[in-house]
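Source file data.cif; content: mmCIF, C-alpha atoms.
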data_protein
#
loop_
_atom_site.label_atom_id
_atom_site.label_comp_id
_atom_site.auth_asym_id
_atom_site.auth_seq_id
_atom_site.Cartn_x
_atom_site.Cartn_y
_atom_site.Cartn_z
CA MET A 980 -7.83 19.51 -37.55
CA ILE A 981 -5.06 16.99 -37.90
CA GLU A 982 -5.24 13.44 -36.62
CA LEU A 983 -2.35 11.43 -35.17
CA ASP A 984 -2.68 7.68 -35.05
CA CYS A 985 -0.61 6.61 -32.05
CA ARG A 986 -2.46 3.37 -31.41
CA GLY A 987 -0.11 0.65 -30.28
CA GLN A 988 2.41 3.19 -29.00
CA ARG A 989 3.39 3.31 -25.34
CA CYS A 990 3.64 6.55 -23.37
CA PRO A 991 5.48 8.87 -23.70
CA LEU A 992 5.44 8.31 -27.49
CA PRO A 993 1.89 9.66 -28.13
CA VAL A 994 2.72 12.77 -26.12
CA ILE A 995 5.95 13.23 -28.06
CA GLU A 996 3.99 12.97 -31.33
CA LEU A 997 1.53 15.53 -30.02
CA ALA A 998 4.31 17.95 -29.05
CA ARG A 999 5.87 17.60 -32.51
CA SER A 1000 2.57 18.21 -34.30
CA ILE A 1001 0.96 20.98 -32.30
CA GLY A 1002 2.89 23.63 -34.26
CA SER A 1003 1.40 22.43 -37.53
CA VAL A 1004 -2.11 23.64 -36.69
CA GLU A 1005 -3.13 27.31 -36.40
CA ILE A 1006 -3.68 28.81 -32.96
CA GLY A 1007 -7.19 27.71 -32.06
CA GLY A 1008 -6.84 24.60 -34.25
CA VAL A 1009 -7.28 21.07 -32.94
CA VAL A 1010 -5.02 18.03 -32.97
CA ARG A 1011 -6.81 14.71 -32.50
CA ILE A 1012 -4.74 11.87 -31.06
CA LEU A 1013 -5.74 8.24 -31.25
CA ALA A 1014 -3.91 6.46 -28.44
CA ASP A 1015 -4.80 3.23 -26.68
CA ASP A 1016 -2.10 3.28 -24.02
CA PRO A 1017 -4.01 3.77 -20.73
CA ALA A 1018 -1.50 6.40 -19.59
CA ALA A 1019 -2.53 8.67 -22.49
CA ALA A 1020 -5.84 9.45 -20.76
CA VAL A 1021 -3.89 11.15 -17.97
CA ASP A 1022 -0.77 12.29 -19.78
CA ILE A 1023 -2.43 14.17 -22.67
CA PRO A 1024 -4.45 16.47 -20.34
CA ALA A 1025 -1.33 16.83 -18.14
CA TRP A 1026 0.75 17.82 -21.19
CA CYS A 1027 -1.84 20.45 -22.11
CA ARG A 1028 -1.68 21.91 -18.61
CA MET A 1029 2.13 21.95 -18.55
CA ARG A 1030 2.54 23.39 -22.06
CA GLY A 1031 -0.33 25.87 -21.98
CA HIS A 1032 -2.74 24.26 -24.43
CA GLU A 1033 -6.37 23.33 -23.99
CA TYR A 1034 -7.47 19.77 -23.50
CA ALA A 1035 -10.70 19.60 -25.51
CA GLY A 1036 -11.93 16.25 -24.24
CA SER A 1037 -12.25 12.69 -25.37
CA PRO A 1038 -15.01 12.38 -28.02
CA ALA A 1039 -14.62 8.59 -28.19
CA ALA A 1040 -12.68 5.79 -26.55
CA ALA A 1041 -8.91 6.15 -26.99
CA THR A 1042 -9.43 9.50 -28.77
CA TYR A 1043 -8.26 12.85 -27.42
CA ASP A 1044 -8.62 16.39 -28.77
CA VAL A 1045 -6.15 19.15 -28.01
CA LYS A 1046 -6.64 22.80 -28.97
CA ARG A 1047 -3.53 24.84 -29.66
CA LEU A 1048 -3.53 28.02 -27.56
CA ALA A 1049 -0.06 29.45 -28.11
CA MET B 871 14.11 1.52 2.92
CA PRO B 872 17.12 -0.37 4.31
CA LEU B 873 16.73 -2.23 7.59
CA HIS B 874 17.49 0.10 10.51
CA PRO B 875 20.62 -1.03 12.41
CA ALA B 876 18.58 -1.39 15.60
CA GLY B 877 16.15 -3.63 13.68
CA ARG B 878 18.99 -5.73 12.33
CA GLU B 879 20.52 -6.13 15.77
CA ALA B 880 17.17 -7.11 17.28
CA LEU B 881 16.48 -9.53 14.42
CA LEU B 882 19.78 -11.34 14.91
CA ALA B 883 19.34 -11.45 18.70
CA ALA B 884 15.79 -12.76 18.35
CA LEU B 885 16.91 -15.47 15.93
CA GLU B 886 19.18 -16.70 18.74
CA ASP B 887 16.81 -16.09 21.60
CA GLY B 888 13.31 -16.19 20.14
CA TRP B 889 13.31 -19.20 17.84
CA ALA B 890 10.82 -21.21 19.88
CA ASP B 891 7.06 -21.36 19.47
CA PRO B 892 5.66 -18.79 21.93
CA GLN B 893 2.58 -20.96 22.49
CA ARG B 894 4.63 -23.76 24.08
CA LEU B 895 5.57 -23.92 27.74
CA TYR B 896 9.25 -24.86 27.91
CA SER B 897 11.82 -22.24 28.91
CA GLN B 898 12.85 -21.17 25.41
CA ALA B 899 9.20 -20.92 24.41
CA ARG B 900 8.48 -18.72 27.40
CA ARG B 901 11.43 -16.55 26.41
CA ALA B 902 9.98 -16.25 22.90
CA ARG B 903 6.63 -15.33 24.46
CA GLN B 904 8.34 -12.58 26.49
CA LEU B 905 9.91 -11.13 23.35
CA LEU B 906 6.60 -11.20 21.50
CA ASP B 907 4.76 -9.63 24.45
CA ALA B 908 7.35 -6.87 24.66
CA ALA B 909 6.95 -6.11 20.96
CA ARG B 910 3.17 -6.08 21.31
CA GLY B 911 3.50 -3.85 24.36
CA PHE B 912 5.56 -1.38 22.38
CA PHE B 913 2.94 -1.08 19.65
CA SER B 914 0.21 -0.93 22.27
CA ASP B 915 1.87 2.12 23.88
CA PHE B 916 2.78 3.69 20.55
CA LEU B 917 -0.72 3.43 19.10
CA GLY B 918 -2.70 3.86 22.31
CA VAL B 919 -4.64 0.59 22.26
CA PRO B 920 -4.58 -2.34 24.71
CA ALA B 921 -1.99 -4.99 23.81
CA SER B 922 -4.81 -7.45 23.13
CA GLN B 923 -5.93 -5.18 20.28
CA VAL B 924 -2.62 -5.44 18.37
CA THR B 925 -2.21 -8.18 15.75
CA PHE B 926 0.87 -8.92 13.68
CA THR B 927 0.49 -10.13 10.12
CA ALA B 928 2.84 -11.47 7.46
CA ASN B 929 3.13 -8.05 5.76
CA GLY B 930 1.36 -4.73 5.35
CA THR B 931 -0.98 -6.05 2.68
CA ALA B 932 -2.16 -8.86 4.97
CA ALA B 933 -2.83 -6.30 7.72
CA VAL B 934 -4.98 -4.23 5.35
CA GLN B 935 -6.81 -7.35 4.14
CA ALA B 936 -7.52 -8.39 7.73
CA ALA B 937 -8.73 -4.89 8.61
CA VAL B 938 -10.98 -4.35 5.59
CA LEU B 939 -12.43 -7.85 5.30
CA GLY B 940 -12.75 -8.26 9.08
CA ALA B 941 -14.49 -4.91 9.54
CA LEU B 942 -16.84 -5.44 6.59
CA ALA B 943 -17.79 -8.87 7.89
CA ALA B 944 -18.40 -7.62 11.42
CA ARG B 945 -20.44 -4.63 10.21
CA ARG B 946 -22.57 -6.52 7.71
CA ARG B 947 -25.81 -5.64 9.46
CA PHE B 948 -25.01 -1.91 9.07
CA GLY B 949 -24.48 -2.19 5.33
CA ALA B 950 -22.19 -3.38 2.60
CA THR B 951 -20.60 -0.13 1.38
CA LEU B 952 -16.89 0.49 1.59
CA VAL B 953 -15.91 4.14 1.08
CA HIS B 954 -12.26 4.75 0.20
CA SER B 955 -10.08 7.43 -1.33
CA THR B 956 -8.91 6.96 -4.90
CA ILE B 957 -5.31 7.07 -3.67
CA GLU B 958 -5.43 4.21 -1.17
CA HIS B 959 -2.68 1.62 -1.25
CA SER B 960 -3.42 -1.04 -3.85
CA SER B 961 -4.09 -3.54 -1.04
CA VAL B 962 -7.22 -1.54 -0.10
CA LEU B 963 -8.30 -1.25 -3.74
CA HIS B 964 -7.88 -5.00 -4.24
CA CYS B 965 -10.03 -5.68 -1.16
CA ALA B 966 -12.62 -3.25 -2.53
CA ALA B 967 -12.64 -5.08 -5.88
CA GLN B 968 -13.13 -8.43 -4.16
CA HIS B 969 -15.88 -6.95 -1.98
CA VAL B 970 -17.68 -5.76 -5.13
CA ARG B 971 -17.26 -9.15 -6.84
CA GLY B 972 -18.91 -10.67 -3.77
CA GLY B 973 -21.96 -8.43 -4.12
CA GLY B 974 -20.79 -5.53 -1.93
CA LYS B 975 -20.42 -1.91 -2.91
CA ALA B 976 -17.32 0.29 -3.01
CA VAL B 977 -17.44 4.07 -3.46
CA PRO B 978 -14.19 5.88 -4.28
CA VAL B 979 -13.73 9.50 -3.22
CA GLY B 980 -11.44 11.67 -5.31
CA VAL B 981 -8.52 13.93 -4.49
CA ASP B 982 -7.42 17.35 -5.73
CA ARG B 983 -4.35 18.19 -7.82
CA LEU B 984 -2.14 18.00 -4.71
CA GLY B 985 -3.49 14.57 -3.79
CA ARG B 986 -5.63 15.80 -0.89
CA ILE B 987 -8.97 14.09 -0.28
CA ASP B 988 -12.07 16.03 -1.37
CA LEU B 989 -13.50 16.51 2.12
CA ASP B 990 -16.91 17.69 0.91
CA GLU B 991 -17.34 14.63 -1.27
CA TRP B 992 -15.98 12.42 1.51
CA THR B 993 -18.43 13.88 4.05
CA GLU B 994 -21.39 13.38 1.75
CA THR B 995 -20.35 9.86 0.81
CA VAL B 996 -19.75 8.51 4.32
CA LYS B 997 -23.15 9.87 5.41
CA GLU B 998 -25.01 7.79 2.84
CA PRO B 999 -26.98 4.92 4.39
CA GLY B 1000 -25.32 1.51 4.44
CA VAL B 1001 -21.68 2.52 4.85
CA ALA B 1002 -19.90 -0.24 6.74
CA LEU B 1003 -16.35 1.11 6.60
CA ALA B 1004 -14.37 4.11 5.35
CA ALA B 1005 -10.67 3.94 4.48
CA LEU B 1006 -8.20 6.81 4.18
CA ILE B 1007 -4.44 6.47 3.96
CA SER B 1008 -2.62 8.78 6.42
CA ALA B 1009 -0.15 9.96 3.79
CA SER B 1010 0.31 8.85 0.22
CA HIS B 1011 3.12 6.35 -0.20
CA GLU B 1012 3.52 7.55 -3.77
CA VAL B 1013 3.38 11.33 -3.58
CA GLY B 1014 3.79 12.12 0.13
CA THR B 1015 0.70 14.30 0.57
CA VAL B 1016 -0.56 14.08 4.15
CA GLN B 1017 -4.30 13.61 4.46
CA PRO B 1018 -6.56 15.57 6.83
CA VAL B 1019 -7.38 12.38 8.76
CA GLU B 1020 -8.81 14.18 11.81
CA LEU B 1021 -11.36 16.05 9.69
CA ALA B 1022 -12.16 12.94 7.67
CA ALA B 1023 -12.64 10.97 10.91
CA ASP B 1024 -14.94 13.65 12.34
CA ALA B 1025 -17.01 13.51 9.16
CA CYS B 1026 -17.38 9.74 9.59
CA GLY B 1027 -19.48 9.99 12.73
CA GLU B 1028 -20.49 6.45 13.64
CA VAL B 1029 -18.88 4.92 10.56
CA PRO B 1030 -15.56 3.35 11.54
CA LEU B 1031 -12.43 4.62 9.81
CA LEU B 1032 -9.48 2.51 8.70
CA VAL B 1033 -6.23 4.44 8.45
CA ASP B 1034 -3.25 2.86 6.76
CA ALA B 1035 -0.45 4.70 8.54
CA SER B 1036 2.48 2.82 7.00
CA MET B 1037 4.19 5.95 5.73
CA SER B 1038 3.51 8.07 8.82
CA ALA B 1039 4.53 5.60 11.51
CA GLY B 1040 8.26 6.20 11.16
CA LEU B 1041 8.98 9.85 10.44
CA GLY B 1042 5.50 11.32 10.12
CA GLU B 1043 2.71 12.00 12.55
CA VAL B 1044 0.43 9.09 13.37
CA PRO B 1045 -3.20 10.23 13.40
CA GLY B 1046 -5.17 9.60 16.58
CA LYS B 1047 -8.71 9.22 15.28
CA TRP B 1048 -9.38 5.83 13.76
CA SER B 1049 -11.10 2.54 14.52
CA TYR B 1050 -8.60 0.36 12.66
CA LEU B 1051 -4.98 1.21 11.90
CA THR B 1052 -2.61 -0.75 9.69
CA ALA B 1053 1.09 -0.37 9.00
CA SER B 1054 3.89 -2.12 7.16
CA ALA B 1055 7.21 -2.40 9.01
CA ARG B 1056 9.38 -2.12 5.91
CA LYS B 1057 8.21 1.48 5.53
CA TRP B 1058 10.03 2.55 8.70
CA GLY B 1059 13.14 0.44 8.26
CA GLY B 1060 11.78 -2.73 9.83
CA PRO B 1061 11.91 -6.12 8.11
CA ALA B 1062 9.71 -6.73 5.06
CA GLY B 1063 7.61 -9.50 6.56
CA VAL B 1064 5.67 -7.68 9.26
CA GLY B 1065 2.35 -5.89 9.17
CA VAL B 1066 0.58 -4.42 12.17
CA LEU B 1067 -3.16 -4.18 12.71
CA ALA B 1068 -4.50 -2.23 15.68
CA ILE B 1069 -8.19 -2.20 16.52
CA ARG B 1070 -9.76 0.28 18.91
CA LYS B 1071 -11.63 -1.18 21.80
CA GLY B 1072 -15.29 -1.29 20.80
CA ALA B 1073 -14.67 -1.35 17.03
CA ARG B 1074 -16.42 -4.33 15.50
CA TRP B 1075 -14.12 -6.82 13.86
CA VAL B 1076 -14.03 -10.56 13.21
CA SER B 1077 -11.02 -12.31 11.81
CA PRO B 1078 -11.56 -13.05 8.11
CA TRP B 1079 -9.20 -16.02 8.40
CA PRO B 1080 -10.12 -19.49 9.62
CA ASP B 1081 -9.27 -20.29 13.25
CA GLY B 1082 -5.67 -21.15 13.85
CA ALA B 1083 -4.19 -18.40 11.67
CA ARG B 1084 -0.68 -17.64 12.94
CA GLU B 1085 0.92 -14.26 13.42
CA ALA B 1086 4.03 -13.01 11.67
CA ASP B 1087 7.47 -14.51 12.17
CA LEU B 1088 8.49 -13.74 15.75
CA PRO B 1089 12.09 -12.49 15.22
CA SER B 1090 10.79 -10.18 12.48
CA VAL B 1091 8.10 -8.80 14.80
CA VAL B 1092 10.74 -8.12 17.46
CA ALA B 1093 12.89 -6.37 14.85
CA ALA B 1094 9.93 -4.32 13.60
CA ALA B 1095 9.30 -3.01 17.11
CA ALA B 1096 12.99 -2.33 17.77
CA ALA B 1097 13.38 -0.51 14.45
CA LEU B 1098 10.33 1.68 15.03
CA HIS B 1099 11.44 2.45 18.58
CA ALA B 1100 14.85 3.57 17.29
CA VAL B 1101 13.35 5.52 14.38
CA ARG B 1102 10.99 7.41 16.70
CA GLU B 1103 13.90 8.26 19.03
CA GLU B 1104 15.62 10.10 16.19
CA ALA B 1105 12.48 11.04 14.24
CA ALA B 1106 12.35 14.74 15.09
CA GLU B 1107 15.94 15.32 14.05
CA GLN B 1108 15.78 13.09 10.94
CA ALA B 1109 12.46 14.49 9.78
CA LYS B 1110 13.87 18.02 9.95
CA ARG B 1111 17.05 17.06 8.12
CA LEU B 1112 15.35 14.99 5.42
CA SER B 1113 12.53 17.47 4.92
CA ALA B 1114 15.10 20.18 4.13
CA LEU B 1115 16.71 17.81 1.60
CA ILE B 1116 13.30 17.10 0.03
CA ASP B 1117 12.71 20.85 -0.27
CA ARG B 1118 16.06 21.14 -1.97
CA ILE B 1119 15.11 18.37 -4.43
CA ARG B 1120 11.69 19.91 -5.11
CA VAL B 1121 13.19 23.32 -5.83
CA GLY B 1122 16.30 22.01 -7.62
CA VAL B 1123 14.42 19.66 -9.95
CA ALA B 1124 11.86 22.32 -10.89
CA ARG B 1125 14.61 24.88 -11.51
CA ASN B 1126 17.13 22.75 -13.40
CA VAL B 1127 15.00 20.36 -15.44
CA PRO B 1128 12.72 21.94 -18.04
CA ASP B 1129 9.20 20.56 -18.55
CA VAL B 1130 9.05 18.79 -15.22
CA GLU B 1131 6.17 18.47 -12.80
CA VAL B 1132 6.95 18.08 -9.10
CA VAL B 1133 3.94 16.29 -7.67
CA GLY B 1134 2.13 16.44 -4.33
CA ASP B 1135 1.61 18.98 -1.57
CA PRO B 1136 4.82 21.03 -1.11
CA VAL B 1137 4.08 21.79 2.55
CA ASP B 1138 1.65 19.27 4.01
CA ARG B 1139 3.74 16.26 3.08
CA LEU B 1140 5.86 13.45 4.44
CA PRO B 1141 9.34 14.63 5.40
CA HIS B 1142 11.20 12.04 3.37
CA LEU B 1143 9.45 11.47 0.04
CA VAL B 1144 9.16 13.33 -3.27
CA THR B 1145 7.80 12.46 -6.70
CA PHE B 1146 8.26 14.23 -10.03
CA SER B 1147 7.55 13.55 -13.72
CA CYS B 1148 9.59 14.61 -16.75
CA LEU B 1149 7.82 15.22 -20.05
CA TYR B 1150 8.89 13.10 -23.05
CA VAL B 1151 10.95 10.73 -20.88
CA ASP B 1152 10.43 6.99 -20.49
CA GLY B 1153 10.17 6.28 -16.76
CA GLU B 1154 11.87 2.91 -16.99
CA ALA B 1155 14.82 4.34 -18.92
CA LEU B 1156 15.17 7.16 -16.38
CA LEU B 1157 14.99 4.71 -13.48
CA HIS B 1158 17.71 2.52 -14.99
CA ALA B 1159 19.92 5.50 -15.82
CA LEU B 1160 19.69 6.63 -12.20
CA ASP B 1161 20.26 3.09 -10.94
CA ARG B 1162 23.50 2.87 -12.95
CA ARG B 1163 24.67 5.98 -11.12
CA GLY B 1164 23.83 4.43 -7.74
CA PHE B 1165 20.42 5.99 -7.10
CA ALA B 1166 17.80 3.42 -6.10
CA VAL B 1167 14.47 5.07 -6.94
CA SER B 1168 10.93 3.96 -7.77
CA SER B 1169 8.53 5.02 -10.51
CA GLY B 1170 4.78 5.27 -11.00
CA SER B 1171 5.07 5.17 -14.79
CA SER B 1172 3.15 2.46 -16.59
CA CYS B 1173 6.29 1.08 -18.25
CA THR B 1174 7.71 0.18 -14.83
CA SER B 1175 4.56 -1.61 -13.65
CA SER B 1176 3.83 -5.29 -14.13
CA THR B 1177 0.31 -4.43 -15.28
CA LEU B 1178 1.47 -1.69 -17.70
CA GLN B 1179 -1.00 0.64 -16.00
CA PRO B 1180 0.20 4.02 -14.74
CA SER B 1181 0.10 4.73 -11.01
CA HIS B 1182 -3.51 5.03 -9.87
CA VAL B 1183 -2.39 7.76 -7.45
CA LEU B 1184 -0.83 9.96 -10.15
CA ALA B 1185 -3.84 9.31 -12.40
CA ALA B 1186 -6.29 10.28 -9.63
CA MET B 1187 -4.41 13.56 -9.19
CA GLY B 1188 -4.27 14.25 -12.92
CA ALA B 1189 -0.47 14.36 -12.65
CA LEU B 1190 1.80 13.43 -15.55
CA THR B 1191 2.50 9.70 -15.26
CA HIS B 1192 5.32 9.12 -17.73
CA GLY B 1193 8.91 9.96 -16.86
CA ASN B 1194 7.98 9.55 -13.21
CA ILE B 1195 10.48 9.10 -10.40
CA ARG B 1196 9.81 8.65 -6.69
CA ILE B 1197 12.56 9.29 -4.18
CA CYS B 1198 12.43 8.10 -0.61
CA LEU B 1199 15.20 9.40 1.67
CA HIS B 1200 16.35 7.60 4.80
CA ARG B 1201 18.76 8.03 7.70
CA ASP B 1202 21.78 7.05 5.61
CA THR B 1203 21.02 9.55 2.85
CA LEU B 1204 23.69 12.24 2.84
CA GLU B 1205 23.41 15.84 1.75
CA SER B 1206 26.15 15.05 -0.78
CA ASP B 1207 23.96 12.27 -2.28
CA VAL B 1208 21.23 14.81 -2.90
CA ASP B 1209 23.71 17.29 -4.37
CA ARG B 1210 25.06 14.65 -6.73
CA PHE B 1211 21.53 13.64 -7.72
CA LEU B 1212 20.63 17.23 -8.53
CA ALA B 1213 23.86 17.69 -10.44
CA GLU B 1214 23.44 14.55 -12.57
CA LEU B 1215 19.68 14.52 -13.19
CA PRO B 1216 19.45 17.38 -15.73
CA GLY B 1217 22.05 15.75 -18.00
CA ILE B 1218 20.39 12.34 -17.79
CA VAL B 1219 16.99 13.81 -18.71
CA ARG B 1220 18.57 15.84 -21.53
CA GLU B 1221 20.21 12.72 -22.99
CA LEU B 1222 17.02 10.65 -22.78
CA ARG B 1223 15.06 13.42 -24.48
CA ALA B 1224 17.72 13.76 -27.18
CA GLU B 1225 17.35 10.04 -27.94
CA VAL B 1226 13.72 10.65 -28.94
CA GLY B 1227 14.46 13.92 -30.69
CA MET B 1228 13.04 16.20 -27.99
#
What would the structure in this file look like if it were written as structure tokens?
Amino acid sequence: MIELDCRGQRCPLPVIELARSIGSVEIGGVVRILADDPAAAVDIPAWCRMRGHEYAGSPAAATYDVKRLA
Amino acid sequence: MPLHPAGREALLAALEDGWADPQRLYSQARRARQLLDAARGFFSDFLGVPASQVTFTANGTAAVQAAVLGALAARRRFGATLVHSTIEHSSVLHCAAQHVRGGGKAVPVGVDRLGRIDLDEWTETVKEPGVALAALISASHEVGTVQPVELAADACGEVPLLVDASMSAGLGEVPGKWSYLTASARKWGGPAGVGVLAIRKGARWVSPWPDGAREADLPSVVAAAAALHAVREEAAEQAKRLSALIDRIRVGVARNVPDVEVVGDPVDRLPHLVTFSCLYVDGEALLHALDRRGFAVSSGSSCTSSTLQPSHVLAAMGALTHGNIRICLHRDTLESDVDRFLAELPGIVRELRAEVGM
């Protein structure tokens, strides 16, 4: 798992970071994003849906896990 | 939406002819009273309530506040719960928040991916004991999805329903089943400073304002009625024309812009409104780029909001909130405007993405 610290960044920057980093984990691997912009809570699951990855939930406040599917 | 020419004409005429206080008895005041009565009569016919049940307020938000607070106060002995959809206009949500701060209860009911109310959840929620009022917007002002108001009203049974029909009053279909209806004149090409509140005979309501509260500015009320009258005269034709243009935007944006999400119900929607979101794009930058090219659009992205919160409607639907653009067409929108928009948008989005390396 890799972790991206996007705290303090405004959307769409955390989603852009996520898109850039998803290729650096194996298929089935997880990227964890730390993002405190309120839009991230909606936009990270939406990105997963649009790009065909799995949103693996929010294990803690301002923390989002994404599983690479393709 | 720009002021409809018929509204502008009526506004100017009423400034000349309706300047007096309609509560006075001299000739000019009686003339002002006639103009006000005619406007009230129009809304009475349009909404199917007696003229005495139509109130004009200073804007749409004030109409919603009067409806929600007045209904909750009058129905206190039935309970203190306000049920509302998660995609209500912010004026309803702000009333709900105040109601909760004052010791009341508010229960939001969610929507699906298209922005349609979850009818099962709605039905269960309004049947709970202690529900004083339920509120459902007729069609989302942000994404255009039309709500199944008839079914939601049937589910309400004895619980009165407030419908904010601001977006439907002009070019849409105004639902028939409600106890309270609110609307904002600016949404149909009327002046900004007029809200309308209609209350069905028999629906409990007390004014939440102290005695002596005055109605909206009289010339603006006259203009609001004249604009709506004119809009409804041409509504069938305009709705058909604009709906075809919205279809063209929905299809064209999805086809020509990669990584875009066109939001809302593609079929059961307002004829003149569309919303979409572009991945990796800053909504404010997109809005300004379009503005520079002469397109006046809105956005539900957090960066364009004074609170830095994304649109609660997009969030409730789980739709992408950044890179969001909302387009509202009107009678002056030309087919060539839409063609130019569709021609220029892909390049604008490409440039904005290139700036962030995407």
Report as a tab-separated table: every residue of chain B with an atom at most 12 Å from chain A, its closest pair of atoms, and their distance in Å to one decimal, counting all atoms listed in the file, with rows sorted by chain and ascending residue number.
residue	atom	partner	partner_atom	distance
B:Arg983	CA	A:Ala1025	CA	10.8
B:Pro1128	CA	A:Met1029	CA	10.6
B:Asp1129	CA	A:Met1029	CA	7.2
B:Val1130	CA	A:Met1029	CA	8.3
B:Glu1131	CA	A:Met1029	CA	7.8
B:Val1132	CA	A:Met1029	CA	11.3
B:Val1133	CA	A:Ala1025	CA	11.7
B:Ser1147	CA	A:Asp1022	CA	10.4
B:Cys1148	CA	A:Pro991	CA	9.9
B:Leu1149	CA	A:Trp1026	CA	7.6
B:Tyr1150	CA	A:Pro991	CA	5.5
B:Val1151	CA	A:Pro991	CA	6.4
B:Asp1152	CA	A:Pro991	CA	6.2
B:Gly1153	CA	A:Pro991	CA	8.8
B:Glu1154	CA	A:Pro991	CA	11.0
B:Ala1155	CA	A:Pro991	CA	11.4
B:Gly1170	CA	A:Ala1018	CA	10.7
B:Ser1171	CA	A:Ala1018	CA	8.2
B:Ser1172	CA	A:Ala1018	CA	6.8
B:Cys1173	CA	A:Cys990	CA	7.9
B:Thr1174	CA	A:Cys990	CA	11.4
B:Ser1175	CA	A:Ala1018	CA	11.7
B:Thr1177	CA	A:Pro1017	CA	10.8
B:Leu1178	CA	A:Pro1017	CA	8.3
B:Gln1179	CA	A:Pro1017	CA	6.4
B:Pro1180	CA	A:Ala1018	CA	5.7
B:Ser1181	CA	A:Ala1018	CA	8.9
B:His1182	CA	A:Ala1018	CA	10.0
B:Val1183	CA	A:Val1021	CA	11.2
B:Leu1184	CA	A:Val1021	CA	8.5
B:Ala1185	CA	A:Val1021	CA	5.9
B:Ala1186	CA	A:Val1021	CA	8.7
B:Met1187	CA	A:Val1021	CA	9.1
B:Gly1188	CA	A:Val1021	CA	5.9
B:Ala1189	CA	A:Ala1025	CA	6.1
B:Leu1190	CA	A:Asp1022	CA	5.1
B:Thr1191	CA	A:Asp1022	CA	6.2
B:His1192	CA	A:Pro991	CA	6.0
B:Gly1193	CA	A:Pro991	CA	7.7
B:Asn1194	CA	A:Pro991	CA	10.8
B:Leu1222	CA	A:Pro991	CA	11.7
B:Arg1223	CA	A:Ile995	CA	9.8
B:Ala1224	CA	A:Ile995	CA	11.8
B:Glu1225	CA	A:Ile995	CA	11.8
B:Val1226	CA	A:Ile995	CA	8.2
B:Gly1227	CA	A:Ile995	CA	8.9
B:Met1228	CA	A:Ile995	CA	7.7
Rounded to one decimal place, report the atom CA of B:Gly940-atom CA of B:Gly877 distance in Å.
->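 Atom-to-atom, atom CA of B:Gly940 to atom CA of B:Gly877, that is 29.6 Å.
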State, in Å with one decimal place, the distance from atom CA of A:Asp984 to atom CA of A:Ala1049.
->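 The value is 23.0 Å.
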Residues returned when the PyMOL selection byres ((chain B and resi 910-927) around 10) runs on this file, as a PyMOL selection string = chain B and resi 904-909+928-936+1039+1044-1046+1050-1054+1063-1071+1083-1088+1091-1092+1094-1096+1098-1099+1102
Please provide the set of residues having any atom within 12 Å of B:Ala1159, restricted to only C-alpha atoms, with same-chain residues fewer than 3 positions apart removed, written as a PyMOL selection string.
-> chain B and resi 1151-1156+1162-1167+1193+1195+1211+1214-1222
Once the PyMOL selection byres ((chain A and resi 1041) around 10) has been applied to the shown file, what residues remain in the selection, as number ranges by chain?
-> A: 985-986, 1012-1017, 1019-1020, 1037-1040, 1042-1043
Write out as a PyMOL selection string the residues lying within 8 Å of B:Val979, counting only C-alpha atoms and excluding same-chain residues fewer than 3 positions away.
-> chain B and resi 953-956+987-988+991-992+995
For B:Asp1117, list every protein, DNA or RNA residue within 10 Å, evaluated using all atoms listed in the file, and leave out those in the same chain fewer than 3 positions away; present the list as a list in words.
->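 Near neighbours after the sequence-gap exclusion: Leu1112, Ser1113, Ala1114, Arg1120, Val1121, Gly1122, Val1123, Pro1136, Val1137, Pro1141, His1142, Leu1143 and Val1144 of chain B.
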Out of B:Gly974, B:Pro1078, B:Gly1072, B:Gly980, which residue has the shortest atom-to-atom distance to B:Gly1000 when counting all atoms listed in the file?
->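 Using all atoms listed in the file, the shortest distance to B:Gly1000 belongs to B:Gly974.
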On this structure, which residues satisfy the PyMOL selection byres ((chain A and resi 1044) around 6), written as a list of chain:residue names?
->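 Those residues are A:Val1010, A:Arg1011, A:Ala1035, A:Gly1036, A:Tyr1043, A:Val1045.
The interatomic distance for the pair atom CA of B:Ala1124 and atom CA of B:Ser960 works out to 28.8 Å.
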Pick out the closest residue to B:Val962 from this set: B:Leu989, B:Leu1003, B:Ala950, B:Ala1062. Count all atoms listed in the file.
-> B:Leu1003
